[in-house]
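So this block is upload15.json, JSON, C-alpha atoms:
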```json
[["chain", "number", "residue", "atom", "x", "y", "z"],
["A", 1, "MET", "CA", -17.91, -7.59, 11.08],
["A", 2, "ASN", "CA", -20.57, -5.17, 9.83],
["A", 3, "ASP", "CA", -19.29, -3.18, 6.84],
["A", 4, "LYS", "CA", -22.67, -1.69, 5.82],
["A", 5, "ALA", "CA", -22.39, 1.57, 7.78],
["A", 6, "PRO", "CA", -22.81, 4.72, 5.64],
["A", 7, "PHE", "CA", -19.65, 6.51, 4.59],
["A", 8, "LEU", "CA", -20.83, 9.99, 5.62],
["A", 9, "LEU", "CA", -24.20, 10.94, 7.06],
["A", 10, "SER", "CA", -26.23, 13.86, 5.75],
["A", 11, "ILE", "CA", -27.38, 16.61, 8.13],
["A", 12, "CYS", "CA", -31.14, 16.37, 8.68],
["A", 13, "ASP", "CA", -32.12, 19.62, 10.38],
["A", 14, "GLY", "CA", -31.75, 23.39, 10.05],
["A", 15, "GLU", "CA", -30.32, 25.84, 12.56],
["A", 16, "ASN", "CA", -31.62, 25.52, 16.12],
["A", 17, "LYS", "CA", -31.11, 28.82, 17.96],
["A", 18, "SER", "CA", -32.06, 27.23, 21.27],
["A", 19, "SER", "CA", -29.11, 24.79, 21.21],
["A", 20, "PRO", "CA", -25.58, 26.20, 20.90],
["A", 21, "LEU", "CA", -24.22, 22.66, 21.13],
["A", 22, "GLN", "CA", -26.34, 21.43, 18.23],
["A", 23, "ASN", "CA", -25.28, 24.41, 16.12],
["A", 24, "ARG", "CA", -21.61, 23.85, 16.93],
["A", 25, "ILE", "CA", -21.68, 20.17, 15.99],
["A", 26, "ARG", "CA", -23.51, 21.04, 12.75],
["A", 27, "LYS", "CA", -20.96, 23.72, 11.89],
["A", 28, "ASN", "CA", -18.00, 21.42, 12.64],
["A", 29, "TYR", "CA", -19.42, 18.52, 10.66],
["A", 30, "ARG", "CA", -20.24, 20.67, 7.62],
["A", 31, "HIS", "CA", -16.74, 22.11, 7.70],
["A", 32, "LEU", "CA", -15.17, 18.63, 7.76],
["A", 33, "ARG", "CA", -17.52, 16.81, 5.38],
["A", 34, "LYS", "CA", -16.00, 18.06, 2.12],
["A", 35, "TRP", "CA", -12.50, 17.23, 3.33],
["A", 36, "ALA", "CA", -13.67, 13.80, 4.50],
["A", 37, "ASN", "CA", -15.20, 12.94, 1.13],
["A", 38, "ARG", "CA", -12.16, 14.17, -0.73],
["A", 39, "SER", "CA", -9.73, 12.27, 1.49],
["A", 40, "GLU", "CA", -11.76, 9.03, 1.71],
["A", 41, "THR", "CA", -12.01, 9.37, 5.49],
["A", 42, "ASN", "CA", -15.10, 8.60, 7.55],
["A", 43, "CYS", "CA", -13.74, 8.76, 11.09],
["A", 44, "PHE", "CA", -12.97, 12.14, 12.67],
["A", 45, "ARG", "CA", -13.77, 14.42, 15.61],
["A", 46, "VAL", "CA", -16.93, 16.54, 15.36],
["A", 47, "TYR", "CA", -16.84, 18.11, 18.84],
["A", 48, "ASP", "CA", -13.85, 18.66, 21.15],
["A", 49, "ARG", "CA", -15.04, 20.30, 24.38],
["A", 50, "ASP", "CA", -15.79, 23.45, 22.37],
["A", 51, "ILE", "CA", -18.35, 24.71, 24.92],
["A", 52, "LYS", "CA", -17.43, 24.78, 28.62],
["A", 53, "GLU", "CA", -20.83, 23.52, 29.77],
["A", 54, "TYR", "CA", -20.44, 20.35, 27.68],
["A", 55, "PRO", "CA", -17.23, 18.54, 28.76],
["A", 56, "LEU", "CA", -17.45, 16.04, 25.93],
["A", 57, "VAL", "CA", -15.57, 14.75, 22.94],
["A", 58, "ILE", "CA", -17.66, 13.34, 20.08],
["A", 59, "ASP", "CA", -16.04, 11.27, 17.35],
["A", 60, "TYR", "CA", -17.75, 10.13, 14.14],
["A", 61, "TYR", "CA", -17.12, 6.59, 12.92],
["A", 62, "ALA", "CA", -18.87, 5.71, 9.65],
["A", 63, "GLY", "CA", -22.38, 6.62, 10.76],
["A", 64, "ARG", "CA", -21.86, 5.95, 14.47],
["A", 65, "PHE", "CA", -20.76, 8.24, 17.27],
["A", 66, "CYS", "CA", -18.42, 7.72, 20.22],
["A", 67, "VAL", "CA", -19.15, 10.23, 23.00],
["A", 68, "GLN", "CA", -16.53, 10.65, 25.73],
["A", 69, "TYR", "CA", -17.57, 12.33, 28.96],
["A", 70, "PHE", "CA", -14.75, 13.89, 30.99],
["A", 71, "SER", "CA", -15.32, 13.51, 34.71],
["A", 72, "PHE", "CA", -13.02, 14.68, 37.49],
["A", 73, "ASP", "CA", -14.91, 12.66, 40.10],
["A", 74, "ARG", "CA", -13.36, 9.21, 40.50],
["A", 75, "ASP", "CA", -16.37, 8.03, 42.51],
["A", 76, "ASN", "CA", -18.98, 9.15, 39.99],
["A", 77, "ASP", "CA", -17.62, 8.98, 36.46],
["A", 78, "GLU", "CA", -20.83, 8.37, 34.51],
["A", 79, "ALA", "CA", -22.35, 11.20, 32.50],
["A", 80, "PRO", "CA", -25.60, 12.48, 34.06],
["A", 81, "LYS", "CA", -28.69, 10.87, 32.54],
["A", 82, "ALA", "CA", -30.06, 14.28, 31.53],
["A", 83, "LEU", "CA", -26.86, 15.03, 29.60],
["A", 84, "GLN", "CA", -26.93, 11.65, 27.88],
["A", 85, "SER", "CA", -30.54, 12.22, 26.84],
["A", 86, "GLU", "CA", -29.72, 15.71, 25.55],
["A", 87, "ILE", "CA", -26.76, 14.54, 23.46],
["A", 88, "ASN", "CA", -28.66, 11.56, 22.08],
["A", 89, "ALA", "CA", -31.49, 13.92, 21.06],
["A", 90, "VAL", "CA", -29.05, 16.36, 19.42],
["A", 91, "LEU", "CA", -27.37, 13.63, 17.36],
["A", 92, "ASP", "CA", -30.74, 12.17, 16.39],
["A", 93, "SER", "CA", -31.99, 15.60, 15.31],
["A", 94, "LEU", "CA", -28.85, 16.35, 13.30],
["A", 95, "PHE", "CA", -28.18, 12.97, 11.71],
["A", 96, "GLY", "CA", -31.20, 10.73, 12.35],
["A", 97, "VAL", "CA", -28.98, 8.34, 14.27],
["A", 98, "PRO", "CA", -30.63, 5.97, 16.80],
["A", 99, "PRO", "CA", -29.35, 5.63, 20.40],
["A", 100, "LYS", "CA", -27.94, 2.16, 19.63],
["A", 101, "HIS", "CA", -25.40, 3.85, 17.33],
["A", 102, "ILE", "CA", -24.27, 6.31, 20.03],
["A", 103, "TYR", "CA", -21.62, 4.84, 22.30],
["A", 104, "TRP", "CA", -20.77, 6.51, 25.59],
["A", 105, "ARG", "CA", -17.42, 6.47, 27.38],
["A", 106, "SER", "CA", -16.28, 8.06, 30.61],
["A", 107, "ARG", "CA", -12.79, 9.48, 30.94],
["A", 108, "ILE", "CA", -11.61, 10.13, 34.48],
["A", 109, "ARG", "CA", -8.34, 11.21, 36.03],
["A", 110, "ARG", "CA", -6.86, 7.90, 37.02],
["A", 111, "ARG", "CA", -4.24, 7.14, 39.59],
["A", 112, "LYS", "CA", -0.80, 6.90, 38.08],
["A", 113, "LEU", "CA", -0.67, 3.11, 37.92],
["A", 114, "GLN", "CA", -4.33, 2.38, 37.24],
["A", 115, "GLN", "CA", -4.84, 0.54, 33.95],
["A", 116, "TYR", "CA", -7.70, 0.76, 31.50],
["A", 117, "GLU", "CA", -9.58, -2.51, 31.25],
["A", 118, "LYS", "CA", -11.77, -4.28, 28.76],
["A", 119, "LYS", "CA", -15.41, -3.15, 29.00],
["A", 120, "GLY", "CA", -17.40, -5.96, 27.42],
["A", 121, "GLU", "CA", -17.63, -8.98, 25.15],
["A", 122, "GLN", "CA", -20.05, -7.82, 22.43],
["A", 123, "ARG", "CA", -17.41, -8.17, 19.69],
["A", 124, "GLU", "CA", -19.27, -5.62, 17.59],
["A", 125, "PHE", "CA", -16.68, -4.70, 14.97],
["A", 126, "PHE", "CA", -17.21, -2.65, 11.84],
["A", 127, "THR", "CA", -14.98, -0.99, 9.23],
["A", 128, "VAL", "CA", -13.96, 2.64, 8.84],
["A", 129, "GLN", "CA", -11.66, 4.36, 6.36],
["A", 130, "GLU", "CA", -8.81, 6.80, 6.87],
["A", 131, "TYR", "CA", -7.26, 8.23, 3.71],
["A", 132, "GLY", "CA", -8.64, 5.25, 1.83],
["A", 133, "VAL", "CA", -7.14, 2.66, 4.20],
["A", 134, "LYS", "CA", -9.56, 0.37, 6.04],
["A", 135, "PHE", "CA", -9.55, -0.32, 9.78],
["A", 136, "LYS", "CA", -11.56, -2.55, 12.05],
["A", 137, "VAL", "CA", -12.99, -0.64, 15.04],
["A", 138, "ASN", "CA", -15.04, -1.54, 18.10],
["A", 139, "LEU", "CA", -17.02, 1.11, 19.99],
["A", 140, "GLU", "CA", -18.51, -1.33, 22.50],
["A", 141, "ASP", "CA", -15.91, -3.55, 24.17],
["A", 142, "TYR", "CA", -12.89, -1.33, 24.87],
["A", 143, "LEU", "CA", -12.26, 2.15, 26.24],
["A", 144, "ASP", "CA", -10.26, 2.88, 23.07],
["A", 145, "THR", "CA", -11.77, 2.07, 19.70],
["A", 146, "GLY", "CA", -8.88, 0.45, 17.81],
["A", 147, "LEU", "CA", -7.82, 3.62, 16.01],
["A", 148, "PHE", "CA", -6.27, 6.67, 17.69],
["A", 149, "LEU", "CA", -7.72, 9.48, 15.58],
["A", 150, "ASP", "CA", -5.21, 12.06, 16.85],
["A", 151, "HIS", "CA", -2.39, 10.35, 14.92],
["A", 152, "ARG", "CA", -4.12, 10.46, 11.54],
["A", 153, "GLU", "CA", -1.66, 13.04, 10.14],
["A", 154, "THR", "CA", 1.35, 11.32, 11.74],
["A", 155, "ARG", "CA", 0.34, 8.14, 9.94],
["A", 156, "GLN", "CA", 0.18, 10.12, 6.69],
["A", 157, "MET", "CA", 3.73, 11.35, 7.30],
["A", 158, "VAL", "CA", 4.97, 7.81, 7.84],
["A", 159, "ALA", "CA", 3.09, 6.56, 4.77],
["A", 160, "GLY", "CA", 4.61, 9.37, 2.71],
["A", 161, "LEU", "CA", 8.11, 8.08, 3.50],
["A", 162, "ALA", "CA", 7.36, 4.35, 3.43],
["A", 163, "THR", "CA", 7.50, 3.35, -0.23],
["A", 164, "GLY", "CA", 10.14, 0.66, -0.65],
["A", 165, "LYS", "CA", 11.23, 1.01, 2.99],
["A", 166, "ARG", "CA", 11.52, -1.33, 5.98],
["A", 167, "VAL", "CA", 9.32, -0.13, 8.86],
["A", 168, "LEU", "CA", 9.36, -1.04, 12.56],
["A", 169, "ASN", "CA", 6.32, -0.10, 14.65],
["A", 170, "LEU", "CA", 6.77, -0.37, 18.44],
["A", 171, "PHE", "CA", 3.86, -0.39, 20.92],
["A", 172, "ALA", "CA", 1.89, -0.96, 17.74],
["A", 173, "TYR", "CA", -1.60, -1.31, 19.28],
["A", 174, "THR", "CA", -3.69, -2.39, 16.24],
["A", 175, "SER", "CA", -0.85, -1.52, 13.82],
["A", 176, "ALA", "CA", -2.46, 1.45, 12.06],
["A", 177, "PHE", "CA", 0.96, 3.00, 11.33],
["A", 178, "SER", "CA", 2.16, -0.25, 9.76],
["A", 179, "VAL", "CA", -1.00, -0.77, 7.73],
["A", 180, "HIS", "CA", -0.72, 2.74, 6.28],
["A", 181, "ALA", "CA", 2.96, 2.15, 5.51],
["A", 182, "ALA", "CA", 2.27, -1.19, 3.83],
["A", 183, "HIS", "CA", -0.63, 0.30, 1.87],
["A", 184, "ALA", "CA", 1.77, 3.02, 0.64],
["A", 185, "GLY", "CA", 4.20, 0.41, -0.65],
["A", 186, "ALA", "CA", 6.57, -0.37, 2.23],
["A", 187, "ALA", "CA", 8.85, -3.29, 1.40],
["A", 188, "PHE", "CA", 8.43, -4.77, 4.89],
["A", 189, "THR", "CA", 6.77, -3.89, 8.20],
["A", 190, "LYS", "CA", 7.16, -5.36, 11.65],
["A", 191, "SER", "CA", 4.62, -4.45, 14.35],
["A", 192, "VAL", "CA", 5.34, -5.22, 18.01],
["A", 193, "ASP", "CA", 2.85, -5.22, 20.88],
["A", 194, "LEU", "CA", 2.51, -7.23, 24.08],
["A", 195, "SER", "CA", -1.25, -7.82, 23.82],
["A", 196, "ASN", "CA", -2.69, -10.92, 22.17],
["A", 197, "THR", "CA", -5.89, -8.98, 21.52],
["A", 198, "TYR", "CA", -4.09, -6.22, 19.64],
["A", 199, "THR", "CA", -1.75, -8.48, 17.68],
["A", 200, "ASP", "CA", -4.78, -10.46, 16.47],
["A", 201, "TRP", "CA", -6.56, -7.18, 15.66],
["A", 202, "SER", "CA", -3.46, -6.04, 13.76],
["A", 203, "ARG", "CA", -3.50, -9.13, 11.57],
["A", 204, "ASP", "CA", -7.17, -8.50, 10.81],
["A", 205, "ASN", "CA", -6.34, -4.93, 9.71],
["A", 206, "PHE", "CA", -3.72, -6.19, 7.27],
["A", 207, "LEU", "CA", -6.17, -8.77, 5.89],
["A", 208, "LEU", "CA", -8.86, -6.10, 5.57],
["A", 209, "ASN", "CA", -6.56, -4.23, 3.15],
["A", 210, "SER", "CA", -5.38, -7.39, 1.31],
["A", 211, "LEU", "CA", -1.83, -6.87, 2.59],
["A", 212, "PRO", "CA", 0.24, -10.09, 2.81],
["A", 213, "SER", "CA", 1.41, -11.44, 6.18],
["A", 214, "SER", "CA", 4.69, -12.55, 4.57],
["A", 215, "THR", "CA", 5.92, -8.95, 4.36],
["A", 216, "ASN", "CA", 3.98, -7.57, 7.33],
["A", 217, "GLU", "CA", 5.09, -9.36, 10.46],
["A", 218, "VAL", "CA", 3.18, -8.99, 13.73],
["A", 219, "VAL", "CA", 5.09, -9.87, 16.89],
["A", 220, "ARG", "CA", 3.76, -10.27, 20.43],
["A", 221, "ALA", "CA", 6.55, -9.12, 22.71],
["A", 222, "ASP", "CA", 7.60, -6.71, 25.45],
["A", 223, "CYS", "CA", 9.01, -3.85, 23.37],
["A", 224, "LEU", "CA", 11.93, -3.20, 25.74],
["A", 225, "LYS", "CA", 13.06, -6.81, 25.59],
["A", 226, "PHE", "CA", 12.35, -6.96, 21.85],
["A", 227, "LEU", "CA", 14.63, -3.97, 21.23],
["A", 228, "ARG", "CA", 17.52, -5.53, 23.11],
["A", 229, "ASP", "CA", 17.20, -8.71, 21.05],
["A", 230, "GLU", "CA", 16.65, -6.86, 17.75],
["A", 231, "VAL", "CA", 19.77, -4.71, 18.23],
["A", 232, "ARG", "CA", 21.82, -7.84, 18.92],
["A", 233, "SER", "CA", 20.43, -9.46, 15.76],
["A", 234, "GLY", "CA", 21.83, -6.68, 13.56],
["A", 235, "ALA", "CA", 18.44, -5.92, 11.98],
["A", 236, "ARG", "CA", 18.04, -2.64, 10.08],
["A", 237, "TYR", "CA", 15.01, -0.43, 9.41],
["A", 238, "ASP", "CA", 14.47, 2.76, 7.43],
["A", 239, "LEU", "CA", 11.57, 3.99, 9.58],
["A", 240, "VAL", "CA", 10.89, 3.36, 13.26],
["A", 241, "VAL", "CA", 7.65, 4.46, 14.92],
["A", 242, "ILE", "CA", 7.55, 4.64, 18.73],
["A", 243, "ASP", "CA", 4.19, 5.57, 20.30],
["A", 244, "PRO", "CA", 4.33, 4.15, 23.84],
["A", 245, "PRO", "CA", 1.85, 4.39, 26.72],
["A", 246, "THR", "CA", 2.66, 6.85, 29.48],
["A", 247, "ILE", "CA", 2.72, 4.10, 32.10],
["A", 248, "SER", "CA", 2.32, 0.33, 31.83],
["A", 249, "ARG", "CA", 2.64, -2.36, 34.43],
["A", 250, "SER", "CA", 1.29, -5.36, 32.53],
["A", 251, "LYS", "CA", 1.88, -8.70, 34.26],
["A", 252, "LYS", "CA", 3.40, -9.90, 30.98],
["A", 253, "MET", "CA", 6.22, -7.35, 31.24],
["A", 254, "ASP", "CA", 9.52, -7.98, 33.01],
["A", 255, "GLU", "CA", 9.46, -4.46, 34.48],
["A", 256, "MET", "CA", 7.12, -1.48, 34.77],
["A", 257, "PHE", "CA", 7.27, 0.90, 31.82],
["A", 258, "ASP", "CA", 7.39, 4.68, 32.33],
["A", 259, "VAL", "CA", 7.79, 6.81, 29.20],
["A", 260, "GLN", "CA", 9.79, 9.52, 30.97],
["A", 261, "LYS", "CA", 12.20, 6.98, 32.42],
["A", 262, "ASP", "CA", 12.44, 4.70, 29.39],
["A", 263, "TYR", "CA", 12.28, 6.99, 26.32],
["A", 264, "ALA", "CA", 16.05, 7.43, 26.16],
["A", 265, "PHE", "CA", 16.56, 3.67, 25.91],
["A", 266, "LEU", "CA", 13.85, 3.42, 23.26],
["A", 267, "ILE", "CA", 15.37, 6.09, 21.04],
["A", 268, "GLU", "CA", 18.98, 4.99, 21.59],
["A", 269, "SER", "CA", 18.02, 1.45, 20.60],
["A", 270, "ALA", "CA", 16.03, 2.63, 17.59],
["A", 271, "VAL", "CA", 19.02, 4.68, 16.40],
["A", 272, "LYS", "CA", 21.11, 1.49, 16.43],
["A", 273, "LEU", "CA", 18.52, -0.14, 14.18],
["A", 274, "LEU", "CA", 18.39, 2.71, 11.63],
["A", 275, "SER", "CA", 19.69, 2.34, 8.14],
["A", 276, "GLU", "CA", 21.59, 5.26, 6.64],
["A", 277, "GLY", "CA", 19.19, 8.15, 6.13],
["A", 278, "GLY", "CA", 16.57, 6.52, 8.35],
["A", 279, "THR", "CA", 13.96, 8.30, 10.48],
["A", 280, "ILE", "CA", 12.40, 7.76, 13.92],
["A", 281, "PHE", "CA", 8.97, 9.12, 14.84],
["A", 282, "PHE", "CA", 8.51, 9.31, 18.61],
["A", 283, "SER", "CA", 5.28, 10.46, 20.24],
["A", 284, "THR", "CA", 3.67, 10.58, 23.67],
["A", 285, "ASN", "CA", 0.36, 11.61, 25.21],
["A", 286, "SER", "CA", 2.02, 12.47, 28.52],
["A", 287, "ARG", "CA", 1.32, 16.08, 29.46],
["A", 288, "LYS", "CA", 4.33, 16.23, 31.80],
["A", 289, "PHE", "CA", 6.85, 14.65, 29.44],
["A", 290, "GLU", "CA", 10.18, 16.45, 28.93],
["A", 291, "PHE", "CA", 12.40, 15.61, 25.94],
["A", 292, "ASP", "CA", 16.09, 16.19, 26.66],
["A", 293, "THR", "CA", 17.74, 16.52, 23.25],
["A", 294, "THR", "CA", 21.22, 16.61, 24.82],
["A", 295, "LEU", "CA", 20.87, 12.87, 25.49],
["A", 296, "PHE", "CA", 21.21, 12.28, 21.75],
["A", 297, "PRO", "CA", 24.26, 14.32, 20.61],
["A", 298, "LYS", "CA", 24.62, 12.38, 17.35],
["A", 299, "CYS", "CA", 21.00, 12.97, 16.35],
["A", 300, "SER", "CA", 18.96, 15.76, 14.84],
["A", 301, "VAL", "CA", 15.75, 16.07, 16.90],
["A", 302, "GLN", "CA", 12.82, 18.15, 15.65],
["A", 303, "GLU", "CA", 9.48, 18.54, 17.42],
["A", 304, "ILE", "CA", 6.71, 18.29, 14.81],
["A", 305, "SER", "CA", 3.63, 18.31, 17.08],
["A", 306, "LYS", "CA", 2.00, 21.28, 15.34],
["A", 307, "LYS", "CA", 2.06, 19.36, 12.06],
["A", 308, "THR", "CA", 0.76, 16.08, 13.48],
["A", 309, "VAL", "CA", -2.32, 17.21, 15.46],
["A", 310, "PRO", "CA", -5.30, 17.01, 13.05],
["A", 311, "MET", "CA", -7.44, 20.03, 12.19],
["A", 312, "ASP", "CA", -10.53, 18.50, 13.84],
["A", 313, "PHE", "CA", -8.81, 18.44, 17.23],
["A", 314, "ARG", "CA", -9.49, 21.73, 18.98],
["A", 315, "ARG", "CA", -7.20, 20.83, 21.88],
["A", 316, "LYS", "CA", -3.77, 20.88, 20.33],
["A", 317, "HIS", "CA", -1.98, 19.27, 23.26],
["A", 318, "ILE", "CA", -3.55, 15.86, 22.61],
["A", 319, "HIS", "CA", -0.06, 14.51, 21.89],
["A", 320, "ARG", "CA", 3.50, 15.60, 21.23],
["A", 321, "CYS", "CA", 5.64, 14.19, 18.44],
["A", 322, "TRP", "CA", 9.31, 14.35, 17.42],
["A", 323, "ARG", "CA", 11.20, 13.37, 14.29],
["A", 324, "VAL", "CA", 14.67, 11.97, 14.99],
["A", 325, "THR", "CA", 17.39, 11.39, 12.40],
["A", 326, "ILE", "CA", 21.11, 10.72, 12.63],
["A", 327, "ALA", "CA", 22.96, 14.02, 12.22],
["A", 328, "GLU", "CA", 25.29, 14.19, 9.24]]
```
Target format structure tokens, applied to this file:
Amino acid sequence: MNDKAPFLLSICDGENKSSPLQNRIRKNYRHLRKWANRSETNCFRVYDRDIKEYPLVIDYYAGRFCVQYFSFDRDNDEAPKALQSEINAVLDSLFGVPPKHIYWRSRIRRRKLQQYEKKGEQREFFTVQEYGVKFKVNLEDYLDTGLFLDHRETRQMVAGLATGKRVLNLFAYTSAFSVHAAHAGAAFTKSVDLSNTYTDWSRDNFLLNSLPSSTNEVVRADCLKFLRDEVRSGARYDLVVIDPPTISRSKKMDEMFDVQKDYAFLIESAVKLLSEGGTIFFSTNSRKFEFDTTLFPKCSVQEISKKTVPMDFRRKHIHRCWRVTIAE
């Protein structure tokens, strides 16, 4: 793993009146840089489809850039070569960054059951920081990088409640919620995901922050089956984080997962695992999701999406998030 990337790059050029895109990225980065230094964070969004003619998202990761091109053409999802050359030139002019440190992705509207797949085998990992906590990321081999930047503030909320608490993290991905909680002094965390890749990645993230495996358990399991077994075991947690995919039909699962169909079971099961005064954080990226609070008459349900979407995300519908507690 390469840990030698710079924390925050300096801006190299002055204003360029011929490039509105270049000026916008410069303005955004300058606005965020002071906050990033102060908060010990070197991974954030510097451009979020601000200008209609540039349907891109650009994320900064410790001196490298991940550029996502949004295509609505399933048969031609690659960014035009001219656009790639223009963006590479803009980032080079602003930050002096070479093309090898600019990683392109294409995001297309996929059919409902189509899954994202692994892209490569370069295994080019490096370390970033978020509020002083370290994470291993990969901009080469996977569509997603290992750290969902849109949940940075949600992770801060969980960390703020975690000291001395027992934390369960479902659909944990690379366990960023759990690592933040453990770093903040959680007594115990358990992170559950079905992927061998992500459970291994999770363990690396704990090691990266010198957090012991004895109090930070990582479990490879189908979360629906895990919840049934965990409820029967009588286990108790003070905080439960549920951030599921919209749809999943992994061959390792007993049944297809659909967040709209299965969220009630997830929350009902999590409530059974809560200690007195405990809290559930539930989130989804589904644009069509509808949360029926009447399904949980014994709970207090509060949507907190406006507080959890970070300031660097121009598009505020990137996710929705709810805080669920047992009503007194």
A:Thr189, A:Thr197, A:Ser275, A:Ser210: which is nearest Gly234 (chain A), counting all atoms listed in the file?
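Of A:Thr189, A:Thr197, A:Ser275, A:Ser210, the one nearest Gly234 (chain A), counting all atoms listed in the file, is A:Ser275.
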Using all atoms listed in the file, the residue out of A:Trp104, A:Phe177, A:Leu91, A:Asp204 with shortest distance to Val137 (chain A) is A:Asp204
Out of A:His31, A:Arg236, A:His319, A:Arg38, which residue has the shortest atom-to-atom distance to Ala270 (chain A) when counting only C-alpha atoms?
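Closest residue, counting only C-alpha atoms: A:Arg236.
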Between CA of Gly132 (chain A) and CA of Asn37 (chain A), what distance in Å does the model show, to one decimal?
10.1 Å
Could you give me, as a PyMOL selection string, the residues that sit within 12 Å of (-19.7, 21.2, 11.2) in the file's coordinates, counting only C-alpha atoms?
chain A and resi 9-11+15+21-36+44-48+60+94-95+312
Leu273 (chain A) surroundings by all atoms listed in the file, 12 Å radius, close-in-sequence under 2 positions cut, as a ChimeraX atom specification
/A:166-168,226-241,266-271,275-280,325-326
One number please: CA of Ala162 (chain A) to CA of Ser175 (chain A), in Å, one decimal.
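If I compute the distance from CA of Ala162 (chain A) to CA of Ser175 (chain A), I get 14.5 Å.
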Nearest residue to Glu290 (chain A) out of A:Leu211, A:Ala327, A:Ala184, A:Cys321, using all atoms listed in the file?
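Nearest to Glu290 (chain A): A:Cys321.
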Determine the nearest neighbour of Phe135 (chain A) from the options A:Ala82, A:Leu208, A:Ala186, A:Val324, counting all atoms listed in the file.
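Ranking A:Ala82, A:Leu208, A:Ala186, A:Val324 by distance to Phe135 (chain A), first place goes to A:Leu208.
Note that CA of Arg155 (chain A) and CA of Glu40 (chain A) are 14.7 Å apart.
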